[in-house]
Amino acid sequence: MIAALVPLVLCGLTFVEQDIPDVTLYAADGFSGQRDSNFLRADFDGDGTLDLLLPTYLAFQRGGGFSKTQTAPIPDFGESPHCDLWGRDIYLCLSDRIEIIRWDGTQWRRILSQQLIWPRDCRFKTFSTTFDFEDPKALRFHKFLQDLDGDGKPEIIVPARDAVHVYRQGELFFEDAAQWSVYPAKKVQTFEMEPIWPPRNRIIRPLNIGWNCDLYVSGSNLVVETVENLSSPTKQLRSVHRPMTFDTGFAMLGEPEPPRVYRVPSNTYRCRLNDDDVADFAGSQRERSKTGPVPIPVLTLTVSTDGGASWTTLRTTVSQQQCYCVDINADGRLDLIAESSGLYQGGLREQATSFLTGKTVSQNVNVVPQQPDGKFIQDKAIRKRFTIQLDAPPMQNSPMFRAYQIGCLIDLTGDFTGDGLLDLAIHEAPERIAVYPFTGTGFATAPLAVLATKPDWMFAVGDVDGDKRADIVLSGPESTDADVNTVAMRRLFLSRETAP
């Protein structure tokens, strides 16, 4: 077993391991820092603390923690329901009906069970992954509830082949109250010119007709966004806003506003970097520089906060990093993260020595704060330089070094102190994860606390128990036995404040 905690003296922060090994935190979104999970959170038993709804059971928070002895299994519905949460009520969409259940303190209580015929080929927007070897009756978490008309009761949003269907609940039952025909016109998918010689290279591709669009609600508008690939390296994004009104019926769509069209680089994506109404875009591109004695990785970050009118570009010598944009200082504006590796410094001899025999790598983390006008000024960057101790020289390609290459030894998405500022967590040695708090102007020189780990274990950061402090989930290596379907071992550590 790994030691649960190795705190520093007078640190004021400790990690306490929980007896529920099923919590998963997925990879953070690179352009928001938000992280999805395999659980939903609410005060299901009404005791004032937040509990966890996991795919196969409900875990109650008792005495500031979780235990397998304080759980309730999910009822068996005969299949794997799509699940969303509204308050304490659990909404379950099954193949032929909808169920609403609630925990009443001692047992499950059914609020509603209604037969429904869903539209053909309906799709729910998912934020959780279901693996084939998981329980075939486990919950699948999807976001399909939205209170469109502000009456306090959620509607069920179901995108289908013909339209977007809106199911509204009356006094008791749901009905298909609106069908929004808002999809763009279908287009024939085109391909690049195919070779016709030699004959063995000739390919006849199938003719595909369809669209690629995103739908989301913004205030009182339904927004439909489509992307059209132009001549490389640009693409065109068209955003159409359709006002939703409730004067003459439920969720009737008004006339669309004139479309907003943006022409942006192909490697960028629509995101939200601040609270204004101007479209933001961000992207990354990896390549290898050939200017030195050996090719070195170069990561280019590109962002725009003015709808693509101007761009900020940062280049770093790193293969990959976990996150590019986070709101480190809690000002409502996302800041840029640029990591750089010292692995590729020096001449050919120095680099060869580092790869063959070295176990230490210098690393820089630069955070460029976003200014009130949306600009990023590199001269105002917040910098942290540190050293990572690997378990083996890079030449051996150990699991820890592979995690270093994909940016998983560094995390800047969690607030461990509860002050709203994001702190830096680093897997800085084979058996140690260290947390360096952010002070508002820079990172502390000494860690706030450390947590024991192993070289081949991965870690993820997120607020699991809802106390506004980041927690840590450790994931061990998956089984190498091809005949055994098993997930990696996981261990949950909740952060707790301790008296100095």
# chains A, B, ... in the order shown; residues from 1 in each chain; ligands from 1
>>> residues_around(residues="A:Gln107", least_positions_apart="2", cutoff="12 Å", atoms="only C-alpha atoms", output="ChimeraX atom specification")
/A:44-45,58,71-75,101-105,109-110
>>> residues_around(residues="stretch 390-395 of chain A", least_positions_apart="2", cutoff="7 Å", atoms="only C-alpha atoms", output="compact mmCIF listing (two decimals) with N, CA and C atoms, in the first residue's frame")
# COMPACT_ATOMS: atom_id res chain seq x y z
N PHE A 355 19.41 12.24 -22.13
CA PHE A 355 18.52 11.16 -22.51
C PHE A 355 19.05 9.79 -22.05
N LEU A 356 20.35 9.62 -22.04
CA LEU A 356 20.91 8.31 -21.74
C LEU A 356 21.09 8.06 -20.26
N THR A 357 21.45 9.08 -19.51
CA THR A 357 21.79 8.86 -18.10
C THR A 357 21.07 9.78 -17.13
N GLY A 358 20.52 10.89 -17.60
CA GLY A 358 19.93 11.86 -16.69
C GLY A 358 18.59 11.42 -16.11
N LYS A 359 18.32 11.86 -14.88
CA LYS A 359 17.04 11.58 -14.24
C LYS A 359 16.33 12.85 -13.78
N THR A 360 16.95 14.01 -13.97
CA THR A 360 16.32 15.26 -13.56
C THR A 360 16.05 16.12 -14.80
N ILE A 388 11.97 18.28 -11.99
CA ILE A 388 11.27 17.00 -11.86
C ILE A 388 12.29 15.87 -11.82
N ASN A 397 12.23 5.12 -21.43
CA ASN A 397 10.81 5.34 -21.75
C ASN A 397 9.89 4.72 -20.69
N SER A 398 10.15 5.05 -19.45
CA SER A 398 9.35 4.53 -18.34
C SER A 398 7.96 5.16 -18.35
N MET A 400 6.55 6.94 -16.13
CA MET A 400 6.61 8.30 -15.62
C MET A 400 7.09 9.25 -16.70
N PHE A 401 8.07 8.82 -17.50
CA PHE A 401 8.55 9.69 -18.57
C PHE A 401 7.49 9.85 -19.66
N ALA A 429 8.61 13.95 -8.14
CA ALA A 429 9.55 12.87 -7.86
C ALA A 429 8.79 11.55 -8.01
N PRO A 430 9.51 10.44 -8.20
CA PRO A 430 8.81 9.17 -8.44
C PRO A 430 7.74 8.83 -7.42
N PRO A 455 5.75 5.81 -9.29
CA PRO A 455 6.17 6.37 -10.57
C PRO A 455 5.19 6.13 -11.70
>>> residues_around(residues="A:Cys213", least_positions_apart="3", cutoff="10 Å", atoms="only C-alpha atoms", output="list in words")
Tyr183, Pro184, Gly210, Val224, Glu225, Thr226, Val227, Glu228, Leu237, Arg238 and Ser239 of chain A
>>> write_last_selection(atoms="all heavy atoms", output="compact mmCIF listing (two decimals), in the first residue's frame")
# COMPACT_ATOMS: atom_id res chain seq x y z
N TYR A 183 -31.74 22.58 -37.83
CA TYR A 183 -30.50 22.07 -38.39
C TYR A 183 -30.17 22.78 -39.70
O TYR A 183 -31.08 23.15 -40.46
CB TYR A 183 -30.61 20.57 -38.65
CG TYR A 183 -30.79 19.74 -37.41
CD1 TYR A 183 -31.66 18.66 -37.40
CD2 TYR A 183 -30.07 20.01 -36.24
CE1 TYR A 183 -31.83 17.88 -36.27
CE2 TYR A 183 -30.24 19.24 -35.11
CZ TYR A 183 -31.12 18.18 -35.12
OH TYR A 183 -31.28 17.41 -34.00
N PRO A 184 -28.90 22.97 -40.00
CA PRO A 184 -28.52 23.56 -41.30
C PRO A 184 -28.81 22.59 -42.43
O PRO A 184 -29.07 21.40 -42.22
CB PRO A 184 -27.02 23.81 -41.13
CG PRO A 184 -26.59 22.80 -40.11
CD PRO A 184 -27.73 22.65 -39.16
N GLY A 210 -24.66 14.95 -44.78
CA GLY A 210 -24.96 15.25 -43.39
C GLY A 210 -24.51 16.64 -43.02
O GLY A 210 -24.35 17.51 -43.88
N VAL A 224 -27.17 27.91 -33.00
CA VAL A 224 -26.78 26.83 -33.89
C VAL A 224 -25.48 27.24 -34.57
O VAL A 224 -25.43 28.26 -35.26
CB VAL A 224 -27.87 26.54 -34.94
CG1 VAL A 224 -27.45 25.37 -35.82
CG2 VAL A 224 -29.20 26.28 -34.28
N GLU A 225 -24.43 26.46 -34.36
CA GLU A 225 -23.13 26.78 -34.93
C GLU A 225 -22.70 25.67 -35.88
O GLU A 225 -22.76 24.49 -35.52
CB GLU A 225 -22.07 26.99 -33.85
CG GLU A 225 -22.28 28.27 -33.05
CD GLU A 225 -21.12 28.56 -32.12
OE1 GLU A 225 -20.29 27.65 -31.90
OE2 GLU A 225 -21.04 29.68 -31.61
N THR A 226 -22.29 26.06 -37.07
CA THR A 226 -21.80 25.10 -38.06
C THR A 226 -20.39 25.50 -38.48
O THR A 226 -20.01 26.67 -38.44
CB THR A 226 -22.71 25.07 -39.30
OG1 THR A 226 -22.79 26.39 -39.85
CG2 THR A 226 -24.10 24.61 -38.93
N VAL A 227 -19.61 24.49 -38.86
CA VAL A 227 -18.23 24.71 -39.27
C VAL A 227 -18.06 24.20 -40.70
O VAL A 227 -18.49 23.09 -41.03
CB VAL A 227 -17.24 23.98 -38.33
CG1 VAL A 227 -15.81 24.12 -38.85
CG2 VAL A 227 -17.35 24.53 -36.92
N GLU A 228 -17.45 25.03 -41.53
CA GLU A 228 -17.16 24.64 -42.92
C GLU A 228 -15.66 24.78 -43.14
O GLU A 228 -15.09 25.85 -42.94
CB GLU A 228 -17.92 25.52 -43.89
CG GLU A 228 -17.62 25.21 -45.36
CD GLU A 228 -18.35 26.15 -46.31
OE1 GLU A 228 -19.10 27.02 -45.84
OE2 GLU A 228 -18.14 25.99 -47.54
N LEU A 237 -16.73 29.50 -39.35
CA LEU A 237 -17.73 29.15 -38.36
C LEU A 237 -18.91 30.11 -38.49
O LEU A 237 -18.73 31.32 -38.47
CB LEU A 237 -17.15 29.20 -36.95
CG LEU A 237 -18.07 28.76 -35.81
CD1 LEU A 237 -17.28 27.97 -34.76
CD2 LEU A 237 -18.76 29.94 -35.15
N ARG A 238 -20.09 29.56 -38.64
CA ARG A 238 -21.31 30.35 -38.79
C ARG A 238 -22.18 30.13 -37.55
O ARG A 238 -22.52 28.99 -37.21
CB ARG A 238 -22.07 29.96 -40.04
CG ARG A 238 -23.41 30.68 -40.23
CD ARG A 238 -24.11 30.14 -41.46
NE ARG A 238 -23.38 30.52 -42.66
CZ ARG A 238 -23.68 31.58 -43.40
NH1 ARG A 238 -24.68 32.37 -43.05
NH2 ARG A 238 -22.98 31.84 -44.49
N SER A 239 -22.54 31.20 -36.87
CA SER A 239 -23.33 31.14 -35.65
C SER A 239 -24.66 31.84 -35.87
O SER A 239 -24.69 33.03 -36.20
CB SER A 239 -22.56 31.78 -34.49
OG SER A 239 -23.31 31.75 -33.30
>>> closest_residue(among="A:Cys93, A:Ile20, A:Cys83, A:Ile100", to="A:His142", atoms="only C-alpha atoms")
A:Cys83
>>> closest_residue(among="A:Gly462, A:Gly65, A:Pro259, A:Gly414", to="A:Val435", atoms="only C-alpha atoms")
A:Gly414
>>> select_by_dssp(residues="stretch 311-406 of chain A", states="helix (DSSP H, G or I)", output="list in words")
Leu348, Arg349, Glu350, Gln351, Ala352, Thr353, Ser354, Phe355, Leu356, Thr357, Gln378, Asp379, Lys380, Pro394, Met395, Gln396, Pro399, Met400, Phe401, Arg402, Ala403, Tyr404 and Gln405 of chain A
>>> write_last_selection(atoms="N, CA and C atoms", output="mmCIF file, in the first residue's frame")
data_model
loop_
_atom_site.group_PDB
_atom_site.id
_atom_site.type_symbol
_atom_site.label_atom_id
_atom_site.label_comp_id
_atom_site.auth_asym_id
_atom_site.auth_seq_id
_atom_site.Cartn_x
_atom_site.Cartn_y
_atom_site.Cartn_z
ATOM 1 N N LEU A 348 24.359 18.850 -28.786
ATOM 2 C CA LEU A 348 24.078 17.444 -29.046
ATOM 3 C C LEU A 348 24.602 16.559 -27.925
ATOM 4 N N ARG A 349 25.808 16.836 -27.439
ATOM 5 C CA ARG A 349 26.387 16.009 -26.377
ATOM 6 C C ARG A 349 25.565 16.126 -25.092
ATOM 7 N N GLU A 350 25.183 17.357 -24.733
ATOM 8 C CA GLU A 350 24.410 17.538 -23.504
ATOM 9 C C GLU A 350 23.059 16.840 -23.591
ATOM 10 N N GLN A 351 22.414 16.951 -24.752
ATOM 11 C CA GLN A 351 21.111 16.300 -24.898
ATOM 12 C C GLN A 351 21.243 14.779 -24.873
ATOM 13 N N ALA A 352 22.267 14.256 -25.511
ATOM 14 C CA ALA A 352 22.473 12.811 -25.500
ATOM 15 C C ALA A 352 22.718 12.314 -24.079
ATOM 16 N N THR A 353 23.516 13.050 -23.314
ATOM 17 C CA THR A 353 23.784 12.658 -21.926
ATOM 18 C C THR A 353 22.509 12.662 -21.096
ATOM 19 N N SER A 354 21.668 13.706 -21.302
ATOM 20 C CA SER A 354 20.413 13.795 -20.547
ATOM 21 C C SER A 354 19.502 12.621 -20.857
ATOM 22 N N PHE A 355 19.414 12.236 -22.125
ATOM 23 C CA PHE A 355 18.522 11.155 -22.507
ATOM 24 C C PHE A 355 19.047 9.794 -22.050
ATOM 25 N N LEU A 356 20.353 9.616 -22.043
ATOM 26 C CA LEU A 356 20.914 8.311 -21.743
ATOM 27 C C LEU A 356 21.086 8.058 -20.256
ATOM 28 N N THR A 357 21.445 9.083 -19.509
ATOM 29 C CA THR A 357 21.786 8.860 -18.103
ATOM 30 C C THR A 357 21.070 9.784 -17.131
ATOM 31 N N GLN A 378 2.929 39.284 -22.464
ATOM 32 C CA GLN A 378 3.887 38.297 -21.984
ATOM 33 C C GLN A 378 4.850 38.866 -20.953
ATOM 34 N N ASP A 379 5.068 40.175 -20.972
ATOM 35 C CA ASP A 379 5.962 40.777 -19.980
ATOM 36 C C ASP A 379 5.380 40.705 -18.564
ATOM 37 N N LYS A 380 4.071 40.462 -18.458
ATOM 38 C CA LYS A 380 3.436 40.357 -17.148
ATOM 39 C C LYS A 380 3.231 38.911 -16.722
ATOM 40 N N PRO A 394 15.362 9.141 -19.590
ATOM 41 C CA PRO A 394 14.353 9.162 -20.666
ATOM 42 C C PRO A 394 14.519 8.042 -21.683
ATOM 43 N N MET A 395 15.762 7.598 -21.916
ATOM 44 C CA MET A 395 16.002 6.560 -22.906
ATOM 45 C C MET A 395 15.222 5.282 -22.596
ATOM 46 N N GLN A 396 14.934 5.027 -21.320
ATOM 47 C CA GLN A 396 14.228 3.806 -20.940
ATOM 48 C C GLN A 396 12.718 3.913 -21.155
ATOM 49 N N PRO A 399 6.984 4.568 -17.629
ATOM 50 C CA PRO A 399 5.639 5.176 -17.562
ATOM 51 C C PRO A 399 5.659 6.617 -17.063
ATOM 52 N N MET A 400 6.549 6.936 -16.127
ATOM 53 C CA MET A 400 6.608 8.303 -15.619
ATOM 54 C C MET A 400 7.090 9.255 -16.703
ATOM 55 N N PHE A 401 8.074 8.821 -17.505
ATOM 56 C CA PHE A 401 8.549 9.691 -18.574
ATOM 57 C C PHE A 401 7.488 9.855 -19.656
ATOM 58 N N ARG A 402 6.742 8.804 -19.949
ATOM 59 C CA ARG A 402 5.664 8.931 -20.925
ATOM 60 C C ARG A 402 4.605 9.898 -20.425
ATOM 61 N N ALA A 403 4.319 9.855 -19.109
ATOM 62 C CA ALA A 403 3.374 10.821 -18.543
ATOM 63 C C ALA A 403 3.925 12.238 -18.636
ATOM 64 N N TYR A 404 5.243 12.380 -18.469
ATOM 65 C CA TYR A 404 5.871 13.701 -18.623
ATOM 66 C C TYR A 404 5.715 14.214 -20.047
ATOM 67 N N GLN A 405 5.875 13.350 -21.025
ATOM 68 C CA GLN A 405 5.795 13.774 -22.420
ATOM 69 C C GLN A 405 4.402 14.272 -22.797
#
>>> residues_around(residues="A:Pro258", least_positions_apart="5", cutoff="12 Å", atoms="only C-alpha atoms", output="PyMOL selection string")
chain A and resi 223+238-243
>>> residues_around(residues="stretch 269-271 of chain A", least_positions_apart="6", cutoff="8 Å", atoms="only C-alpha atoms", output="MDAnalysis selection string")
chainID A and resid 31:32 279:283
>>> decode(residues="stretch 110-125 of chain A", atoms="N, CA and C atoms", output="mmCIF file, in the first residue's frame")
data_model
loop_
_atom_site.group_PDB
_atom_site.id
_atom_site.type_symbol
_atom_site.label_atom_id
_atom_site.label_comp_id
_atom_site.auth_asym_id
_atom_site.auth_seq_id
_atom_site.Cartn_x
_atom_site.Cartn_y
_atom_site.Cartn_z
ATOM 1 N N ARG A 110 -40.030 6.140 -6.086
ATOM 2 C CA ARG A 110 -40.311 6.486 -7.481
ATOM 3 C C ARG A 110 -41.249 7.687 -7.518
ATOM 4 N N ILE A 111 -40.817 8.752 -8.199
ATOM 5 C CA ILE A 111 -41.622 9.956 -8.355
ATOM 6 C C ILE A 111 -42.493 9.856 -9.604
ATOM 7 N N LEU A 112 -41.926 9.279 -10.668
ATOM 8 C CA LEU A 112 -42.650 9.181 -11.935
ATOM 9 C C LEU A 112 -42.109 8.004 -12.721
ATOM 10 N N SER A 113 -43.010 7.276 -13.371
ATOM 11 C CA SER A 113 -42.655 6.263 -14.345
ATOM 12 C C SER A 113 -43.630 6.405 -15.502
ATOM 13 N N GLN A 114 -43.144 6.873 -16.647
ATOM 14 C CA GLN A 114 -44.014 7.188 -17.775
ATOM 15 C C GLN A 114 -43.493 6.555 -19.048
ATOM 16 N N GLN A 115 -44.345 5.857 -19.744
ATOM 17 C CA GLN A 115 -43.989 5.300 -21.041
ATOM 18 C C GLN A 115 -43.840 6.431 -22.055
ATOM 19 N N LEU A 116 -42.783 6.373 -22.861
ATOM 20 C CA LEU A 116 -42.535 7.393 -23.878
ATOM 21 C C LEU A 116 -41.959 6.732 -25.124
ATOM 22 N N ILE A 117 -42.343 7.261 -26.271
ATOM 23 C CA ILE A 117 -41.750 6.842 -27.533
ATOM 24 C C ILE A 117 -40.797 7.950 -27.966
ATOM 25 N N TRP A 118 -39.512 7.697 -27.845
ATOM 26 C CA TRP A 118 -38.530 8.712 -28.191
ATOM 27 C C TRP A 118 -38.445 8.862 -29.710
ATOM 28 N N PRO A 119 -38.032 10.026 -30.198
ATOM 29 C CA PRO A 119 -37.877 10.193 -31.653
ATOM 30 C C PRO A 119 -36.811 9.263 -32.214
ATOM 31 N N ARG A 120 -36.930 8.982 -33.486
ATOM 32 C CA ARG A 120 -36.014 8.065 -34.145
ATOM 33 C C ARG A 120 -34.586 8.619 -34.112
ATOM 34 N N ASP A 121 -33.660 7.755 -33.822
ATOM 35 C CA ASP A 121 -32.231 8.095 -33.820
ATOM 36 C C ASP A 121 -31.921 9.280 -32.918
ATOM 37 N N CYS A 122 -32.593 9.367 -31.787
ATOM 38 C CA CYS A 122 -32.307 10.486 -30.881
ATOM 39 C C CYS A 122 -30.935 10.315 -30.265
ATOM 40 N N ARG A 123 -30.300 11.420 -29.974
ATOM 41 C CA ARG A 123 -28.967 11.425 -29.393
ATOM 42 C C ARG A 123 -28.963 12.354 -28.193
ATOM 43 N N PHE A 124 -28.326 11.916 -27.097
ATOM 44 C CA PHE A 124 -28.154 12.768 -25.937
ATOM 45 C C PHE A 124 -26.702 13.216 -25.896
ATOM 46 N N LYS A 125 -26.488 14.466 -25.491
ATOM 47 C CA LYS A 125 -25.118 14.984 -25.377
ATOM 48 C C LYS A 125 -24.499 14.388 -24.126
#
